[in-house]
$ cat work-v6.txt   # compact mmCIF, C-alpha atoms (C1' of nucleotides)
# COMPACT_ATOMS: atom_id res chain seq x y z
CA MET A 1 155.54 -14.36 11.84
CA THR A 2 153.24 -11.93 13.51
CA GLU A 3 156.11 -9.74 14.61
CA LEU A 4 158.73 -7.99 12.52
CA THR A 5 162.45 -7.53 13.09
CA ILE A 6 163.87 -4.07 12.50
CA GLY A 7 165.25 -5.25 9.17
CA GLU A 8 161.86 -6.47 8.01
CA LEU A 9 160.21 -3.30 9.20
CA SER A 10 162.81 -1.29 7.33
CA GLU A 11 162.24 -3.19 4.11
CA ARG A 12 158.48 -2.94 4.29
CA SER A 13 158.42 0.73 5.24
CA GLY A 14 161.30 1.88 3.08
CA ILE A 15 162.84 3.59 6.10
CA ALA A 16 166.44 2.74 7.00
CA THR A 17 167.06 0.80 10.20
CA SER A 18 169.29 3.61 11.39
CA ALA A 19 166.38 6.02 10.94
CA ILE A 20 164.02 3.74 12.85
CA ARG A 21 166.45 3.55 15.75
CA TYR A 22 166.83 7.30 15.57
CA TYR A 23 163.06 7.69 15.79
CA GLU A 24 163.13 5.50 18.86
CA ASP A 25 165.77 7.72 20.45
CA ARG A 26 163.53 10.70 19.67
CA GLY A 27 160.55 8.93 21.20
CA LEU A 28 158.49 8.58 18.00
CA VAL A 29 158.34 4.81 18.05
CA ARG A 30 158.77 2.02 20.59
CA ALA A 31 159.60 -1.65 20.39
CA ARG A 32 159.26 -4.81 22.37
CA ARG A 33 162.59 -6.48 23.11
CA THR A 34 163.42 -10.16 22.84
CA THR A 35 165.36 -11.89 25.62
CA GLY A 36 168.42 -11.20 23.48
CA ASN A 37 167.61 -7.47 23.42
CA GLN A 38 166.55 -7.31 19.81
CA ARG A 39 163.64 -5.13 18.70
CA ARG A 40 160.36 -6.68 17.62
CA TYR A 41 157.51 -4.72 16.05
CA GLU A 42 153.85 -5.37 15.60
CA ARG A 43 152.00 -4.57 12.42
CA PRO A 44 150.50 -1.21 13.48
CA MET A 45 154.03 0.13 13.55
CA LEU A 46 153.95 0.14 9.77
CA ARG A 47 151.08 2.58 9.82
CA ARG A 48 152.86 4.73 12.36
CA LEU A 49 155.91 4.91 10.10
CA ALA A 50 153.68 5.71 7.12
CA PHE A 51 152.22 8.55 9.14
CA ILE A 52 155.65 9.88 10.00
CA ARG A 53 156.86 9.73 6.44
CA THR A 54 153.80 11.39 5.01
CA ALA A 55 153.86 14.08 7.66
CA GLN A 56 157.42 14.84 6.63
CA ARG A 57 156.31 15.21 3.03
CA VAL A 58 153.76 17.73 4.18
CA GLY A 59 156.62 19.63 5.78
CA LEU A 60 156.32 18.81 9.48
CA SER A 61 159.44 18.54 11.59
CA LEU A 62 160.03 15.46 13.70
CA GLU A 63 159.26 17.58 16.73
CA GLU A 64 155.85 18.47 15.39
CA ILE A 65 155.21 14.88 14.40
CA GLU A 66 156.13 13.81 17.89
CA GLU A 67 153.59 16.22 19.32
CA ALA A 68 150.93 14.90 17.00
CA LEU A 69 151.69 11.30 17.89
CA ALA A 70 151.50 12.19 21.57
CA THR A 71 147.81 12.95 21.16
CA LEU A 72 147.08 9.35 20.19
CA PRO A 73 145.46 7.15 22.84
CA SER A 74 148.06 5.18 24.75
CA ASN A 75 145.74 2.48 26.04
CA ARG A 76 144.92 0.96 22.66
CA THR A 77 146.07 0.55 19.09
CA PRO A 78 145.14 3.68 17.12
CA THR A 79 142.16 3.28 14.81
CA LYS A 80 141.73 4.63 11.32
CA ALA A 81 139.68 7.41 12.84
CA ASP A 82 142.62 8.37 15.03
CA TRP A 83 144.96 8.59 12.05
CA SER A 84 142.35 10.41 10.04
CA ARG A 85 141.96 13.02 12.75
CA LEU A 86 145.68 13.72 12.80
CA SER A 87 146.14 13.97 9.07
CA ARG A 88 143.10 16.19 8.62
CA GLY A 89 145.10 19.10 10.02
CA TRP A 90 147.59 18.86 7.20
CA ARG A 91 145.21 20.14 4.59
CA PRO A 92 145.32 23.85 5.45
CA ARG A 93 149.03 23.61 5.77
CA LEU A 94 149.38 22.19 2.30
CA ASP A 95 146.99 24.80 0.97
CA ALA A 96 149.11 27.54 2.49
CA GLN A 97 152.27 26.14 0.99
CA ILE A 98 150.71 25.88 -2.42
CA ALA A 99 149.30 29.39 -2.19
CA GLN A 100 152.67 30.76 -1.24
CA LEU A 101 154.44 29.10 -4.14
CA GLU A 102 151.74 30.35 -6.49
CA ARG A 103 152.20 33.89 -5.25
CA LEU A 104 155.92 33.56 -5.80
CA ARG A 105 155.35 32.22 -9.31
CA ASP A 106 152.92 34.97 -10.25
CA THR A 107 155.17 37.68 -8.92
CA LEU A 108 158.01 36.12 -10.79
CA ASP A 109 155.96 36.23 -13.97
CA SER A 110 155.38 39.93 -13.63
CA CYS A 111 159.01 40.60 -12.78
CA ILE A 112 160.65 38.44 -15.40
CA GLY A 113 159.82 40.90 -18.11
CA CYS A 114 161.59 43.74 -16.42
CA GLY A 115 164.38 41.74 -14.78
CA CYS A 116 164.22 44.28 -12.03
CA LEU A 117 164.59 42.24 -8.90
CA SER A 118 164.88 45.51 -7.11
CA LEU A 119 164.80 45.23 -3.39
CA ARG A 120 162.62 48.30 -3.16
CA ARG A 121 160.24 48.14 -6.07
CA CYS A 122 159.87 44.43 -6.59
CA THR A 123 157.81 42.38 -4.18
CA LEU A 124 159.76 39.31 -5.19
CA SER A 125 162.56 40.26 -2.89
CA ASN A 126 160.31 41.62 -0.21
CA PRO A 127 158.25 38.66 0.83
CA ASP A 128 156.37 40.20 3.71
CA ASP A 129 153.89 37.39 3.49
CA VAL A 130 156.40 34.72 4.27
CA ALA A 131 156.18 34.84 8.03
CA ALA A 132 152.47 34.20 7.74
CA GLY A 133 152.97 30.87 6.05
CA ARG A 134 154.71 29.12 8.93
CA GLY A 135 154.40 25.84 7.13
CA PRO A 136 157.04 24.74 4.71
CA GLY A 137 160.10 25.54 6.72
CA PRO A 138 163.25 24.75 4.81
CA VAL A 139 162.06 25.95 1.44
CA PHE A 140 161.27 29.42 2.67
CA LEU A 141 164.49 30.48 4.20
CA GLU A 142 163.23 33.85 5.33
CA GLY A 143 161.05 32.17 7.86
CA ARG A 144 163.93 30.94 9.97
CA MET B 145 177.96 57.88 -0.81
CA THR B 146 178.12 55.84 -3.97
CA GLU B 147 179.55 52.83 -2.21
CA LEU B 148 178.11 50.85 0.67
CA THR B 149 179.77 49.32 3.70
CA ILE B 150 178.87 45.75 4.56
CA GLY B 151 176.63 47.03 7.34
CA GLU B 152 174.71 49.29 4.99
CA LEU B 153 174.41 46.53 2.42
CA SER B 154 173.11 44.24 5.12
CA GLU B 155 170.50 46.72 6.23
CA ARG B 156 169.30 47.45 2.72
CA SER B 157 169.20 43.82 1.63
CA GLY B 158 167.96 42.29 4.85
CA ILE B 159 170.79 39.77 4.74
CA ALA B 160 173.05 39.47 7.79
CA THR B 161 176.63 40.63 7.47
CA SER B 162 177.78 37.17 8.47
CA ALA B 163 175.80 35.71 5.58
CA ILE B 164 177.27 38.21 3.12
CA ARG B 165 180.77 37.30 4.22
CA TYR B 166 179.83 33.65 3.92
CA TYR B 167 178.63 34.24 0.36
CA GLU B 168 181.98 35.82 -0.38
CA ASP B 169 183.77 32.75 0.96
CA ARG B 170 181.56 30.66 -1.29
CA GLY B 171 182.34 32.88 -4.25
CA LEU B 172 178.84 34.28 -4.80
CA VAL B 173 179.77 37.90 -4.23
CA ARG B 174 182.91 40.01 -4.31
CA ALA B 175 183.94 43.30 -2.80
CA ARG B 176 186.42 46.06 -3.29
CA ARG B 177 188.63 46.63 -0.27
CA THR B 178 189.60 49.96 1.24
CA THR B 179 193.20 50.66 2.20
CA GLY B 180 192.15 49.57 5.68
CA ASN B 181 190.91 46.21 4.30
CA GLN B 182 187.22 46.91 4.71
CA ARG B 183 184.67 45.79 2.11
CA ARG B 184 182.96 48.34 -0.13
CA TYR B 185 180.06 47.48 -2.43
CA GLU B 186 178.57 49.15 -5.46
CA ARG B 187 174.85 49.38 -6.02
CA PRO B 188 174.48 46.42 -8.40
CA MET B 189 175.41 44.19 -5.50
CA LEU B 190 171.95 44.83 -4.09
CA ARG B 191 170.40 43.26 -7.16
CA ARG B 192 172.77 40.35 -6.94
CA LEU B 193 171.72 39.73 -3.35
CA ALA B 194 168.07 40.06 -4.33
CA PHE B 195 168.67 37.42 -6.97
CA ILE B 196 170.30 35.10 -4.46
CA ARG B 197 167.53 35.51 -1.96
CA THR B 198 164.76 34.99 -4.47
CA ALA B 199 166.50 31.97 -5.96
CA GLN B 200 166.58 30.47 -2.49
CA ARG B 201 162.87 31.02 -2.16
CA VAL B 202 162.41 29.10 -5.37
CA GLY B 203 164.34 26.27 -3.76
CA LEU B 204 167.79 26.54 -5.31
CA SER B 205 170.85 25.61 -3.30
CA LEU B 206 173.74 28.05 -3.03
CA GLU B 207 175.69 25.74 -5.29
CA GLU B 208 173.08 26.01 -8.02
CA ILE B 209 172.88 29.76 -7.52
CA GLU B 210 176.62 29.97 -7.86
CA GLU B 211 176.45 28.12 -11.17
CA ALA B 212 173.76 30.46 -12.41
CA LEU B 213 175.74 33.53 -11.40
CA ALA B 214 178.77 32.14 -13.17
CA THR B 215 176.95 32.49 -16.49
CA LEU B 216 176.72 36.25 -16.09
CA PRO B 217 179.12 38.32 -18.18
CA SER B 218 182.23 39.20 -16.23
CA ASN B 219 183.29 42.16 -18.32
CA ARG B 220 180.32 44.40 -17.46
CA THR B 221 177.58 45.05 -14.94
CA PRO B 222 174.70 42.64 -15.59
CA THR B 223 171.71 44.19 -17.32
CA LYS B 224 168.06 43.58 -16.58
CA ALA B 225 168.04 41.22 -19.54
CA ASP B 226 170.79 39.18 -17.89
CA TRP B 227 168.84 38.83 -14.68
CA SER B 228 165.67 38.11 -16.57
CA ARG B 229 167.34 35.31 -18.48
CA LEU B 230 168.49 33.63 -15.27
CA SER B 231 165.20 33.87 -13.45
CA ARG B 232 163.20 32.64 -16.43
CA GLY B 233 164.39 29.11 -15.69
CA TRP B 234 162.72 29.16 -12.30
CA ARG B 235 159.23 29.01 -13.70
CA PRO B 236 159.11 25.28 -14.59
CA ARG B 237 160.72 24.49 -11.31
CA LEU B 238 158.06 26.36 -9.39
CA ASP B 239 155.37 24.72 -11.50
CA ALA B 240 156.76 21.30 -10.66
CA GLN B 241 156.84 22.08 -6.95
CA ILE B 242 153.29 23.31 -6.99
CA ALA B 243 152.11 20.29 -8.96
CA GLN B 244 153.77 17.95 -6.52
CA LEU B 245 152.18 19.59 -3.51
CA GLU B 246 148.82 19.51 -5.25
CA ARG B 247 149.17 15.79 -5.91
CA LEU B 248 150.00 15.25 -2.28
CA ARG B 249 147.01 17.29 -1.20
CA ASP B 250 144.62 15.48 -3.50
CA THR B 251 145.86 12.09 -2.43
CA LEU B 252 145.57 13.18 1.15
CA ASP B 253 141.96 14.19 0.51
CA SER B 254 141.10 10.75 -0.76
CA CYS B 255 142.92 9.06 2.10
CA ILE B 256 141.68 11.17 4.96
CA GLY B 257 138.29 9.55 4.92
CA CYS B 258 139.67 6.10 5.40
CA GLY B 259 142.59 6.99 7.63
CA CYS B 260 144.36 4.10 5.99
CA LEU B 261 147.85 5.40 5.41
CA SER B 262 148.68 1.88 4.45
CA LEU B 263 152.10 1.46 2.97
CA ARG B 264 150.78 -0.93 0.38
CA ARG B 265 147.38 0.36 -0.61
CA CYS B 266 147.76 4.08 -0.15
CA THR B 267 149.78 6.10 -2.64
CA LEU B 268 150.34 8.70 0.01
CA SER B 269 153.12 6.70 1.52
CA ASN B 270 154.43 5.47 -1.81
CA PRO B 271 155.41 8.63 -3.58
CA ASP B 272 157.01 7.17 -6.68
CA ASP B 273 156.74 10.53 -8.32
CA VAL B 274 159.00 12.24 -5.86
CA ALA B 275 162.29 11.61 -7.60
CA ALA B 276 160.87 13.24 -10.71
CA GLY B 277 160.41 16.57 -8.97
CA ARG B 278 164.07 17.28 -8.25
CA GLY B 279 163.25 20.80 -7.28
CA PRO B 280 162.28 21.64 -3.76
CA GLY B 281 164.85 19.63 -1.90
CA PRO B 282 164.40 19.93 1.84
CA VAL B 283 160.63 19.67 1.87
CA PHE B 284 160.57 16.36 0.06
CA LEU B 285 162.76 14.25 2.25
CA GLU B 286 162.43 11.18 0.09
CA GLY B 287 164.46 12.91 -2.59
CA ARG B 288 167.65 12.92 -0.58
C1' DC C 289 177.54 -26.64 16.33
C1' DC C 290 179.25 -23.04 14.00
C1' DA C 291 179.71 -19.57 10.47
C1' DC C 292 177.91 -15.48 9.31
C1' DA C 293 174.17 -12.42 8.46
C1' DA C 294 171.61 -9.43 11.22
C1' DG C 295 171.11 -7.23 15.48
C1' DT C 296 172.98 -4.11 19.54
C1' DT C 297 175.21 0.31 21.60
C1' DG C 298 177.23 5.00 22.01
C1' DA C 299 179.68 8.27 19.73
C1' DA C 300 181.13 10.63 15.99
C1' DG C 301 180.41 12.24 11.19
C1' DT C 302 177.46 14.51 7.33
C1' DG C 303 175.75 18.54 4.68
C1' DA C 304 173.50 22.85 4.09
C1' DA C 305 173.56 27.48 5.32
C1' DC C 306 174.69 30.09 8.31
C1' DT C 307 175.87 32.26 13.26
C1' DT C 308 178.86 32.94 17.08
C1' DT C 309 183.15 33.73 19.28
C1' DA C 310 187.65 35.50 20.18
C1' DG C 311 190.90 38.55 19.43
C1' DG C 312 192.07 42.06 17.17
C1' DT C 313 191.86 46.75 13.57
C1' DC C 314 189.62 50.87 11.43
C1' DA C 315 187.26 55.27 11.11
C1' DA C 316 184.34 59.08 12.38
C1' DG C 317 182.41 62.29 15.95
C1' DG C 318 183.41 65.11 20.02
C1' DC D 319 193.68 62.73 20.44
C1' DC D 320 190.58 59.45 21.97
C1' DT D 321 186.68 56.75 22.44
C1' DT D 322 183.48 53.78 20.48
C1' DG D 323 180.97 51.41 17.19
C1' DA D 324 181.68 49.12 12.91
C1' DC D 325 184.76 46.17 10.66
C1' DC D 326 188.37 42.27 10.05
C1' DT D 327 189.78 36.99 10.22
C1' DA D 328 189.79 32.09 11.30
C1' DA D 329 187.74 28.67 13.63
C1' DA D 330 184.29 26.61 16.06
C1' DG D 331 179.35 26.05 17.00
C1' DT D 332 174.29 25.38 15.50
C1' DT D 333 170.16 22.80 13.68
C1' DC D 334 167.93 19.00 11.44
C1' DA D 335 167.54 14.41 10.32
C1' DC D 336 169.98 11.12 9.78
C1' DT D 337 174.22 7.85 8.57
C1' DT D 338 178.48 5.71 9.67
C1' DC D 339 181.68 3.54 12.64
C1' DA D 340 183.67 0.37 15.94
C1' DA D 341 183.24 -3.16 18.78
C1' DC D 342 180.35 -6.41 20.31
C1' DT D 343 176.15 -9.97 20.69
C1' DT D 344 172.14 -12.83 18.67
C1' DG D 345 169.97 -16.02 16.01
C1' DT D 346 169.49 -19.09 12.03
C1' DG D 347 170.59 -22.26 7.78
C1' DG D 348 173.59 -26.01 6.54
$ encode --input "work-v6.txt" --output "structure tokens"
Amino acid sequence: MTELTIGELSERSGIATSAIRYYEDRGLVRARRTTGNQRRYERPMLRRLAFIRTAQRVGLSLEEIEEALATLPSNRTPTKADWSRLSRGWRPRLDAQIAQLERLRDTLDSCIGCGCLSLRRCTLSNPDDVAAGRGPGPVFLEGR
Amino acid sequence: MTELTIGELSERSGIATSAIRYYEDRGLVRARRTTGNQRRYERPMLRRLAFIRTAQRVGLSLEEIEEALATLPSNRTPTKADWSRLSRGWRPRLDAQIAQLERLRDTLDSCIGCGCLSLRRCTLSNPDDVAAGRGPGPVFLEGR
DNA sequence: CCACAAGTTGAAGTGAACTTTAGGTCAAGG
DNA sequence: CCTTGACCTAAAGTTCACTTCAACTTGTGG
């Protein structure tokens, strides 16, 4: 069995079949079809799904992931170097997220004693630095 | 002007009037009404909103924030000590979020060289530790 | 050969946290 | 007094990333 059904792919990747089909609708993955119109996947698809899942953990939206995947060569199966290139860009993003949470934690430390939480005096409630982050998305609601 | 209209409260807190009304629907804030049925807020409401906004930055859902607010004394205006008590619990949560991102970053570092992203061999795609975090929510999609 | 698990589609539903809209009412300055 | 901007409500719409549903078709073990 050199090819995988959507069920097998789902089991091996840990991603629900409904999600895989959704990714196909969004253009993130593609599949060969059997004569009976069922999807069949080759092995490299597992790596593609791993990329998608990890990118999500880093905080990328599906739209951003789609853009990243679009830069892969279309004439051949992506190599490790291709995947490495894409994931290299995540590092600064992660660093920024971590730095932001650390700033929040430290500010919290200095504010916990006073319990001020004042909109004027306390930087906790005035996160001017949030827009600069651009990374994490959902966690930092101000950024929306 | 010892009391604020919803527009003034919005401007001072940076939270949209629609959001403030939504919080009221959800039971997170309350307001006195004028004879003409308009909302009027006292100053401490600014601190309450600051608390809500900061709690969101830490990654709490409105439901969790509501639970936290419910532990405040109802017979008097909350003191700084009250607010301090509530926000103290955020610290471990932030620490956990930061630790999780750092793990992801470090694993990414060791995987970037090989570009493997293999579902089997690479821990990047097998984040068993994710369920343990429980904090950040949206960013860590596996937790859903 | 046939039962039945696994696959197919399009459309609708989910949940979180709001925003927008429509159709009014209130209040303060000129 | 009157205009006009701020306020009111309920209900519907938005975004993201899926999941669920209904009705149907494929493919495989006994």
$ closest_atom_pairs --input "work-v6.txt" --of "chain D" --to "chain B" --cutoff "9 Å" --atoms "only C-alpha atoms (C1' of nucleotides)" --output "Markdown table"
| residue | atom | partner | partner_atom | distance |
| --- | --- | --- | --- | --- |
| D:DA324 | C1' | B:Gly151 | CA | 7.8 |
| D:DC325 | C1' | B:Gln182 | CA | 6.5 |
| D:DC326 | C1' | B:Gln182 | CA | 7.2 |
$ residues_around --input "work-v6.txt" --residues "Ala243 in chain B" --least-positions-apart "5" --cutoff "9 Å" --atoms "only C-alpha atoms (C1' of nucleotides)" --output "PDB file with C-alpha atoms, in the frame of the given file"
ATOM      1  CA  ILE A  98     150.710  25.880  -2.420  1.00  0.00           C
TER       2      ILE A  98
ATOM      3  CA  LEU B 238     158.060  26.360  -9.390  1.00  0.00           C
ATOM      4  CA  LEU B 248     150.000  15.250  -2.280  1.00  0.00           C
TER       5      LEU B 248
END
$ residues_around --input "work-v6.txt" --residues "Ile52 in chain A" --least-positions-apart "6" --cutoff "10 Å" --atoms "all atoms listed in the file" --output "PyMOL selection string"
(chain A and resi 23+28-29+46+58+60-62+65-66+68-69) or (chain B and resi 269)
$ write_last_selection --input "work-v6.txt" --atoms "C-alpha atoms" --output "mmCIF file, in the coordinates of the input"
data_model
loop_
_atom_site.group_PDB
_atom_site.id
_atom_site.type_symbol
_atom_site.label_atom_id
_atom_site.label_comp_id
_atom_site.auth_asym_id
_atom_site.auth_seq_id
_atom_site.Cartn_x
_atom_site.Cartn_y
_atom_site.Cartn_z
ATOM 1 C CA TYR A 23 163.060 7.690 15.790
ATOM 2 C CA LEU A 28 158.490 8.580 18.000
ATOM 3 C CA VAL A 29 158.340 4.810 18.050
ATOM 4 C CA LEU A 46 153.950 0.140 9.770
ATOM 5 C CA VAL A 58 153.760 17.730 4.180
ATOM 6 C CA LEU A 60 156.320 18.810 9.480
ATOM 7 C CA SER A 61 159.440 18.540 11.590
ATOM 8 C CA LEU A 62 160.030 15.460 13.700
ATOM 9 C CA ILE A 65 155.210 14.880 14.400
ATOM 10 C CA GLU A 66 156.130 13.810 17.890
ATOM 11 C CA ALA A 68 150.930 14.900 17.000
ATOM 12 C CA LEU A 69 151.690 11.300 17.890
ATOM 13 C CA SER B 269 153.120 6.700 1.520
#
$ atom_distance --input "work-v6.txt" --atom1 "CA of Tyr41 in chain A" --atom2 "CA of Leu4 in chain A"
5.0 Å
$ closest_residue --input "work-v6.txt" --among "A:Cys111, A:Asp95, A:Pro73, A:Ser84" --to "chain B" --atoms "all atoms listed in the file"
A:Ser84
$ atom_distance --input "work-v6.txt" --atom1 "CA of Arg33 in chain A" --atom2 "CA of Pro78 in chain A"
21.1 Å
$ atom_distance --input "work-v6.txt" --atom1 "C1' of DA341 in chain D" --atom2 "CA of Arg40 in chain A"
23.2 Å
$ interface_residues --input "work-v6.txt" --of "chain C" --to "chain B" --cutoff "12 Å" --atoms "only C-alpha atoms (C1' of nucleotides)" --output "number ranges by chain"
C: 303-308, 313-315
$ closest_residue --input "work-v6.txt" --among "A:Thr54, A:Thr77, A:Thr107, A:Gln100" --to "chain B" --atoms "all atoms listed in the file"
A:Thr54
$ closest_residue --input "work-v6.txt" --among "B:Arg247, B:Arg201, B:Arg176, B:Arg165" --to "chain A" --atoms "all atoms listed in the file"
B:Arg201
$ closest_residue --input "work-v6.txt" --among "A:Ala96, A:Ala31, A:Leu9, A:Ala50" --to "chain B" --atoms "only C-alpha atoms"
A:Ala50
$ axis_aligned_box --input "work-v6.txt" --around "range 170-182 of chain B" --padding-each-side "5 Å" --output "JSON"
{"center_x": 186.0, "center_y": 40.7, "center_z": 0.4, "size_x": 24.4, "size_y": 30.0, "size_z": 20.5}
$ closest_residue --input "work-v6.txt" --among "A:Gly59, A:Gly14, A:Asn75, A:Arg48" --to "Gln97 in chain A" --atoms "all atoms listed in the file"
A:Gly59
$ build_atoms --input "work-v6.txt" --residues "range 220-245 of chain B" --atoms "N, CA and C atoms" --output "tab-separated table (two decimals), keeping the file's coordinate frame"
chain	number	residue	atom	x	y	z
B	220	ARG	N	181.16	43.22	-17.65
B	220	ARG	CA	180.32	44.40	-17.46
B	220	ARG	C	179.27	44.12	-16.38
B	221	THR	N	178.67	45.19	-15.90
B	221	THR	CA	177.58	45.05	-14.94
B	221	THR	C	176.39	44.38	-15.61
B	222	PRO	N	175.83	43.34	-14.98
B	222	PRO	CA	174.70	42.64	-15.59
B	222	PRO	C	173.53	43.59	-15.85
B	223	THR	N	172.89	43.39	-16.98
B	223	THR	CA	171.71	44.19	-17.32
B	223	THR	C	170.45	43.49	-16.82
B	224	LYS	N	169.34	44.19	-16.93
B	224	LYS	CA	168.06	43.58	-16.58
B	224	LYS	C	167.81	42.33	-17.41
B	225	ALA	N	168.23	42.38	-18.66
B	225	ALA	CA	168.04	41.22	-19.54
B	225	ALA	C	168.81	40.01	-19.02
B	226	ASP	N	170.00	40.28	-18.47
B	226	ASP	CA	170.79	39.18	-17.89
B	226	ASP	C	170.05	38.54	-16.73
B	227	TRP	N	169.55	39.35	-15.84
B	227	TRP	CA	168.84	38.83	-14.68
B	227	TRP	C	167.56	38.12	-15.10
B	228	SER	N	166.91	38.70	-16.08
B	228	SER	CA	165.67	38.11	-16.57
B	228	SER	C	165.92	36.72	-17.14
B	229	ARG	N	166.99	36.60	-17.88
B	229	ARG	CA	167.34	35.31	-18.48
B	229	ARG	C	167.51	34.25	-17.38
B	230	LEU	N	168.23	34.60	-16.33
B	230	LEU	CA	168.49	33.63	-15.27
B	230	LEU	C	167.20	33.21	-14.56
B	231	SER	N	166.37	34.19	-14.26
B	231	SER	CA	165.20	33.87	-13.45
B	231	SER	C	164.09	33.20	-14.27
B	232	ARG	N	164.19	33.28	-15.58
B	232	ARG	CA	163.20	32.64	-16.43
B	232	ARG	C	163.15	31.13	-16.18
B	233	GLY	N	164.31	30.56	-15.90
B	233	GLY	CA	164.39	29.11	-15.69
B	233	GLY	C	163.70	28.63	-14.43
B	234	TRP	N	163.35	29.57	-13.57
B	234	TRP	CA	162.72	29.16	-12.30
B	234	TRP	C	161.29	28.71	-12.49
B	235	ARG	N	160.65	29.25	-13.50
B	235	ARG	CA	159.23	29.01	-13.70
B	235	ARG	C	158.85	27.52	-13.72
B	236	PRO	N	159.47	26.70	-14.56
B	236	PRO	CA	159.11	25.28	-14.59
B	236	PRO	C	159.36	24.59	-13.25
B	237	ARG	N	160.38	25.06	-12.60
B	237	ARG	CA	160.72	24.49	-11.31
B	237	ARG	C	159.61	24.76	-10.29
B	238	LEU	N	159.16	26.00	-10.29
B	238	LEU	CA	158.06	26.36	-9.39
B	238	LEU	C	156.81	25.57	-9.75
B	239	ASP	N	156.54	25.47	-11.06
B	239	ASP	CA	155.37	24.72	-11.50
B	239	ASP	C	155.43	23.29	-11.00
B	240	ALA	N	156.60	22.69	-11.09
B	240	ALA	CA	156.76	21.30	-10.66
B	240	ALA	C	156.51	21.16	-9.17
B	241	GLN	N	157.04	22.12	-8.41
B	241	GLN	CA	156.84	22.08	-6.95
B	241	GLN	C	155.37	22.18	-6.60
B	242	ILE	N	154.71	23.11	-7.26
B	242	ILE	CA	153.29	23.31	-6.99
B	242	ILE	C	152.50	22.06	-7.36
B	243	ALA	N	152.82	21.49	-8.51
B	243	ALA	CA	152.11	20.29	-8.96
B	243	ALA	C	152.29	19.15	-7.97
B	244	GLN	N	153.48	19.04	-7.45
B	244	GLN	CA	153.77	17.95	-6.52
B	244	GLN	C	152.98	18.11	-5.22
B	245	LEU	N	152.95	19.34	-4.73
B	245	LEU	CA	152.18	19.59	-3.51
B	245	LEU	C	150.69	19.35	-3.75
